[in-house]
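Undergrad: A single structure is presented below for examination.
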Amino acid sequence: MKKIFLALALLASLQMGYAQQQNKSVAAATKAAEKAIAASQDAKKSTKLATWTKLGKAYIDAYNAPGGNGWIGASKADLALILADDKPVSLEYVEVGGQQMLKEVYATRDYYYNSGEILQYIVVTQPIFPDALEKGAEAYGKAYELDVKGSKKKEITEGLALIEGKLVDEAYNAYTFGNLEKASYYFEKAAEVSMQEPYAKLDTSAIYNTGLTAWMLGNNEKAKKYLAQSVEIGYYGEEGDAYAKLADIADKEGNQEARQAYLEEAFMKFPQSQSVLVGLINFYLSSGGNTDRLFELIGAAKANEPENASLYYVEGNIYLQLEDAENALKCYRQCAEINPEYEFGYIGEGQYWYNKAVDLQDAAAAEMDYKKYDKIMAEFEQALKNSVEPFEKAFEITKEDNIKVAVSEYLKNACYRFSYDDPVYKEKYDKYDAIVKAARQ
């Protein structure tokens, strides 16, 4: 989910396209919009195509004006020169999405800069019209109706594309600032505008995100509508997450047949998805069904791709969820037999032993009998040592830096336990601790 909403580089690129445009002043934009609105309400002028294209543009200008002449990606130093006498009324440091930012407060908007003093967000606090983008889309819709010759098709299309992009920006900003209802509203509006003629370029991510945010809000009817549409057009979210959410809604509605169908279809498309896998396991366990069906599904996938080591990793995860550690470890080890360069089999085994060690440590802490305590601690240390070898093999094999760092975190913690008594473990601890620290800088 986090990956879906933190695609801010994309948003920046959308806004950078308009970076050097000088917005009208609020007064000028307000006057132009009022004039265009009056023309649209005039009996004669309202029949003219130009009246509505001008109104659409006027609403866009009215939306832009309170945001000033800053743009996402601009440096604070550059904007100080460009904005000249347009200065903030106050400054403060705030936390946004776990990141400290400098907030500049202006009369009509707030600017948020990251630690490198690069503008990340523009939040309008005093809009001329709260629904300028929606009204702009309506104006272009009316223009399209009157454009029987198609003479203004390009202009109308460009206007709608601009509005749709700004609605998406608003949605992501709202999500970043924790306003899910507003985010869901703007994603839905963006999806609607993306389907509007003559633009008609379906925004699949806006459709999916409308459903996702509605699901997060507990608005299941709206979530089901948009997530089903997302699946229908082939946009499944992160590793089939749209299916997992639809299955959850079906479960809440008491429709277990639909829940099963969504999960099984998702599993065939995304066998490595943990949300889908856990959903399937929970379905079979809660419904009293035969969990052998899980192995039928993974068996079918393996029959289609017998050399796909990841399917054995998934099978290992299934066994682990069913508390069959012996078969889980067998599957994880089969990954290496099929593909020695596949790191996740080793990661699966390392995580099993590491998690087992954590459970034993918790059990030891609650044990009052000294003899039993010593026995549990001996098992704890052995489990912790067992995790080191597979994790180190995963570290050696993987070509992904983020995986190296994640594995190093496990190894650092595991080796620390023995680093004071064993120089070999001390060396390992120092190595992996250095990698983790370097990644955090």
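We label chains A, B, ... in the order they appear in the structure tokens, count residues from 1 in each chain, and number ligands from 1 in the order shown.
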At a cut-off of 10 Å, using only C-alpha atoms, what residues contact range 52-64 of chain A? Leave out same-chain residues fewer than 5 positions from it and give the result as number ranges by chain.
TA: A: 22-40, 45-47, 69, 124, 127-144, 146, 152, 155-156, 159-160, 162-163, 166
Undergrad: Which residues come within 7 Å of range 199-212 of chain A, counting only C-alpha atoms, excluding same-chain residues fewer than 6 positions away, as a VMD selection string?
TA: chain A and resid 157 160 to 161 184 187 to 188 190 to 191 222 to 224 226 to 227 230 235 237
Undergrad: The selected residues should be written to file as a CSV table (one decimal), in the first residue's frame (atoms: all heavy atoms).
TA:
chain,number,residue,atom,x,y,z
A,157,THR,N,-9.4,18.6,-25.0
A,157,THR,CA,-8.7,17.4,-24.5
A,157,THR,C,-7.6,17.8,-23.6
A,157,THR,O,-7.4,17.3,-22.5
A,157,THR,CB,-8.1,16.6,-25.7
A,157,THR,OG1,-9.2,16.1,-26.5
A,157,THR,CG2,-7.3,15.4,-25.2
A,160,LEU,N,-9.0,19.0,-20.2
A,160,LEU,CA,-9.4,17.9,-19.3
A,160,LEU,C,-8.2,17.1,-18.8
A,160,LEU,O,-8.2,16.7,-17.6
A,160,LEU,CB,-10.3,16.9,-20.1
A,160,LEU,CG,-11.7,17.5,-20.5
A,160,LEU,CD1,-12.4,16.5,-21.4
A,160,LEU,CD2,-12.5,17.7,-19.2
A,161,ALA,N,-7.2,16.9,-19.6
A,161,ALA,CA,-6.0,16.2,-19.2
A,161,ALA,C,-5.3,17.0,-18.0
A,161,ALA,O,-4.9,16.4,-17.0
A,161,ALA,CB,-5.0,16.1,-20.3
A,184,SER,N,-10.0,10.0,-1.3
A,184,SER,CA,-10.9,9.1,-2.1
A,184,SER,C,-11.8,9.9,-3.0
A,184,SER,O,-12.0,9.5,-4.2
A,184,SER,CB,-11.8,8.3,-1.1
A,184,SER,OG,-12.4,7.2,-1.8
A,187,PHE,N,-9.6,11.1,-6.0
A,187,PHE,CA,-9.3,9.9,-6.9
A,187,PHE,C,-10.5,9.6,-7.8
A,187,PHE,O,-10.4,9.3,-9.0
A,187,PHE,CB,-8.9,8.7,-6.1
A,187,PHE,CG,-7.4,8.7,-5.7
A,187,PHE,CD1,-7.1,8.5,-4.4
A,187,PHE,CD2,-6.4,8.9,-6.6
A,187,PHE,CE1,-5.7,8.4,-4.0
A,187,PHE,CE2,-5.1,8.9,-6.2
A,187,PHE,CZ,-4.7,8.6,-4.9
A,188,GLU,N,-11.7,9.6,-7.2
A,188,GLU,CA,-12.9,9.3,-7.9
A,188,GLU,C,-13.2,10.4,-9.0
A,188,GLU,O,-13.5,10.0,-10.1
A,188,GLU,CB,-14.1,9.2,-7.0
A,188,GLU,CG,-15.4,8.8,-7.7
A,188,GLU,CD,-16.5,8.6,-6.7
A,188,GLU,OE1,-16.5,9.1,-5.6
A,188,GLU,OE2,-17.5,7.9,-7.1
A,190,ALA,N,-10.9,12.2,-10.4
A,190,ALA,CA,-9.9,12.1,-11.5
A,190,ALA,C,-10.3,10.9,-12.4
A,190,ALA,O,-10.1,11.0,-13.6
A,190,ALA,CB,-8.6,11.8,-10.8
A,191,ALA,N,-10.8,9.8,-11.8
A,191,ALA,CA,-11.2,8.7,-12.6
A,191,ALA,C,-12.3,9.1,-13.6
A,191,ALA,O,-12.4,8.7,-14.8
A,191,ALA,CB,-11.7,7.5,-11.7
A,222,LYS,N,-18.8,1.5,-2.4
A,222,LYS,CA,-18.0,2.2,-3.3
A,222,LYS,C,-16.7,1.4,-3.6
A,222,LYS,O,-16.2,1.4,-4.8
A,222,LYS,CB,-17.6,3.6,-2.7
A,222,LYS,CG,-16.8,4.5,-3.6
A,222,LYS,CD,-16.5,5.8,-2.9
A,222,LYS,CE,-15.6,6.7,-3.7
A,222,LYS,NZ,-15.3,8.0,-3.0
A,223,ALA,N,-16.1,0.9,-2.6
A,223,ALA,CA,-14.8,0.1,-2.8
A,223,ALA,C,-15.1,-1.1,-3.8
A,223,ALA,O,-14.2,-1.3,-4.7
A,223,ALA,CB,-14.3,-0.4,-1.5
A,224,LYS,N,-16.1,-1.8,-3.6
A,224,LYS,CA,-16.4,-2.9,-4.5
A,224,LYS,C,-16.6,-2.5,-5.9
A,224,LYS,O,-16.1,-3.1,-6.8
A,224,LYS,CB,-17.7,-3.7,-4.0
A,224,LYS,CG,-18.0,-4.9,-4.8
A,224,LYS,CD,-19.0,-5.8,-4.1
A,224,LYS,CE,-20.4,-5.2,-4.0
A,224,LYS,NZ,-21.4,-6.2,-3.5
A,226,TYR,N,-15.4,0.2,-7.5
A,226,TYR,CA,-14.1,0.6,-8.2
A,226,TYR,C,-13.1,-0.5,-8.2
A,226,TYR,O,-12.3,-0.6,-9.2
A,226,TYR,CB,-13.6,1.9,-7.5
A,226,TYR,CG,-14.4,3.1,-8.0
A,226,TYR,CD1,-15.4,3.6,-7.3
A,226,TYR,CD2,-14.0,3.7,-9.2
A,226,TYR,CE1,-16.1,4.7,-7.7
A,226,TYR,CE2,-14.7,4.8,-9.6
A,226,TYR,CZ,-15.8,5.3,-8.9
A,226,TYR,OH,-16.5,6.4,-9.3
A,227,LEU,N,-13.0,-1.3,-7.2
A,227,LEU,CA,-12.0,-2.4,-7.2
A,227,LEU,C,-12.4,-3.5,-8.3
A,227,LEU,O,-11.5,-4.0,-9.0
A,227,LEU,CB,-11.9,-3.1,-5.9
A,227,LEU,CG,-11.2,-2.2,-4.8
A,227,LEU,CD1,-11.3,-2.9,-3.4
A,227,LEU,CD2,-9.7,-2.0,-5.1
A,230,SER,N,-11.5,-2.1,-11.5
A,230,SER,CA,-10.0,-2.1,-11.6
A,230,SER,C,-9.6,-3.5,-12.1
A,230,SER,O,-8.7,-3.6,-13.0
A,230,SER,CB,-9.4,-1.8,-10.3
A,230,SER,OG,-8.0,-1.7,-10.4
A,235,TYR,N,-6.1,-4.0,-13.9
A,235,TYR,CA,-5.2,-3.3,-13.0
A,235,TYR,C,-5.4,-3.9,-11.6
A,235,TYR,O,-6.5,-3.6,-11.0
A,235,TYR,CB,-5.5,-1.8,-13.0
A,235,TYR,CG,-4.4,-0.9,-12.3
A,235,TYR,CD1,-3.4,-0.4,-13.0
A,235,TYR,CD2,-4.5,-0.7,-10.9
A,235,TYR,CE1,-2.4,0.4,-12.4
A,235,TYR,CE2,-3.5,0.1,-10.3
A,235,TYR,CZ,-2.5,0.6,-11.0
A,235,TYR,OH,-1.6,1.4,-10.4
A,237,GLY,N,-3.4,-3.8,-8.7
A,237,GLY,CA,-2.8,-3.3,-7.5
A,237,GLY,C,-1.5,-4.0,-7.2
A,237,GLY,O,-1.1,-4.9,-8.0
Undergrad: By how many Å are CA of Glu170 in chain A and CA of Glu238 in chain A apart?
TA: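 Going from CA of Glu170 in chain A over to CA of Glu238 in chain A covers 21.8 Å.
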Undergrad: Near Tyr410 in chain A, within 8 Å and counting only C-alpha atoms, which residues show up once chain neighbours fewer than 4 positions away are dropped, as number ranges by chain?
TA: A: 354, 391, 406, 414
Undergrad: Excluding range 418-422 of chain A and its own-chain neighbours fewer than 2 positions away, which residues fall within 12 Å of it when counting only C-alpha atoms? Please give them as a list of chain:residue names.
TA: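 Those residues are A:Glu381, A:Gln382, A:Leu384, A:Lys385, A:Val388, A:Leu411, A:Lys412, A:Asn413, A:Ala414, A:Cys415, A:Tyr416, A:Val424, A:Tyr425, A:Lys426, A:Glu427, A:Lys428, A:Tyr429, A:Asp430, A:Lys431, A:Asp433.
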Undergrad: Taking into account only C-alpha atoms, which residue in the set A:Asn282, A:Gln334, A:Asn220, A:Thr291 is nearest to Tyr313 in chain A?
TA: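 When distances to Tyr313 in chain A are compared using only C-alpha atoms, the smallest one comes from A:Gln334.
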Undergrad: Return the single residue from A:Tyr93, A:Tyr432, A:Phe344, A:Tyr319 that is closest to Phe295 in chain A, with distances computed using only C-alpha atoms.
TA: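 For Phe295 in chain A, the nearest of the candidates is A:Tyr319.
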Undergrad: I need the residue nearest Ser387 in chain A from this list: A:Gln361, A:Ser408, A:Gln41, A:Gln351. Use only C-alpha atoms for the distance.
TA: A:Gln351
Undergrad: Just how far from CA of Pro423 in chain A is CA of Ile435 in chain A, in Å to one decimal?
TA: 18.6 Å
Undergrad: Please identify all polymer residues within 12 Å of range 246-257 of chain A, counting only C-alpha atoms, omitting same-chain residues fewer than 6 positions from it, and present them as a ChimeraX atom specification.
TA: /A:208,211-212,214-216,218-231,236-237,240,263-267,275-280,282-284,286-289
Undergrad: Quick one: everything within 12 Å of Asn402 in chain A, counting only C-alpha atoms, minus sequence neighbours fewer than 6 positions away in the same chain. Send it as number ranges by chain.
TA: A: 395, 408-409, 435-436, 438-440
Undergrad: Could you please take those selected residues and save C-alpha atoms as a CSV table (one decimal), in the first residue's frame?
TA:
chain,number,residue,atom,x,y,z
A,395,PHE,CA,23.3,-12.1,1.4
A,408,SER,CA,22.1,-7.7,7.3
A,409,GLU,CA,19.6,-6.4,9.9
A,435,ILE,CA,26.1,-2.2,6.3
A,436,VAL,CA,22.9,-1.4,8.3
A,438,ALA,CA,25.6,2.9,6.1
A,439,ALA,CA,22.1,2.3,4.7
A,440,ARG,CA,20.6,4.6,7.3
Undergrad: Find the residues around Glu315 in chain A up to 12 Å (only C-alpha atoms counted), leave out those fewer than 5 positions away in its own chain, and share them as an MDAnalysis selection string.
TA: chainID A and resid 267 271:274 277 281 292 294:302 308:310 320:322 324:325 327:335 345 348
Undergrad: Mind pulling up the distance from CA of Gly350 in chain A to CA of Glu389 in chain A?
TA: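 That distance, rounded to one decimal, is 7.7 Å.
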Undergrad: Please identify the helix (DSSP H, G or I) residues within range 175-387 of chain A (assignment by DSSP from backbone atoms) and present them as number ranges by chain.
TA: A: 175-176, 180-194, 204-217, 220-232, 238-252, 256-269, 274-287, 292-304, 309-321, 325-338, 344-366, 370-387
Undergrad: As an MDAnalysis selection string, please: every residue in range 99-310 of chain A that a backbone DSSP assignment puts in strand (DSSP E or B).
TA: chainID A and resid 99:105 109:113 118:124
Undergrad: With only C-alpha atoms as the basis for distance, which of A:Asn386, A:Glu392, A:Val96, A:Tyr312 is at the shortest distance from Gly178 in chain A?
TA: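 Going through A:Asn386, A:Glu392, A:Val96, A:Tyr312 one by one, the smallest distance to Gly178 in chain A is for A:Val96.
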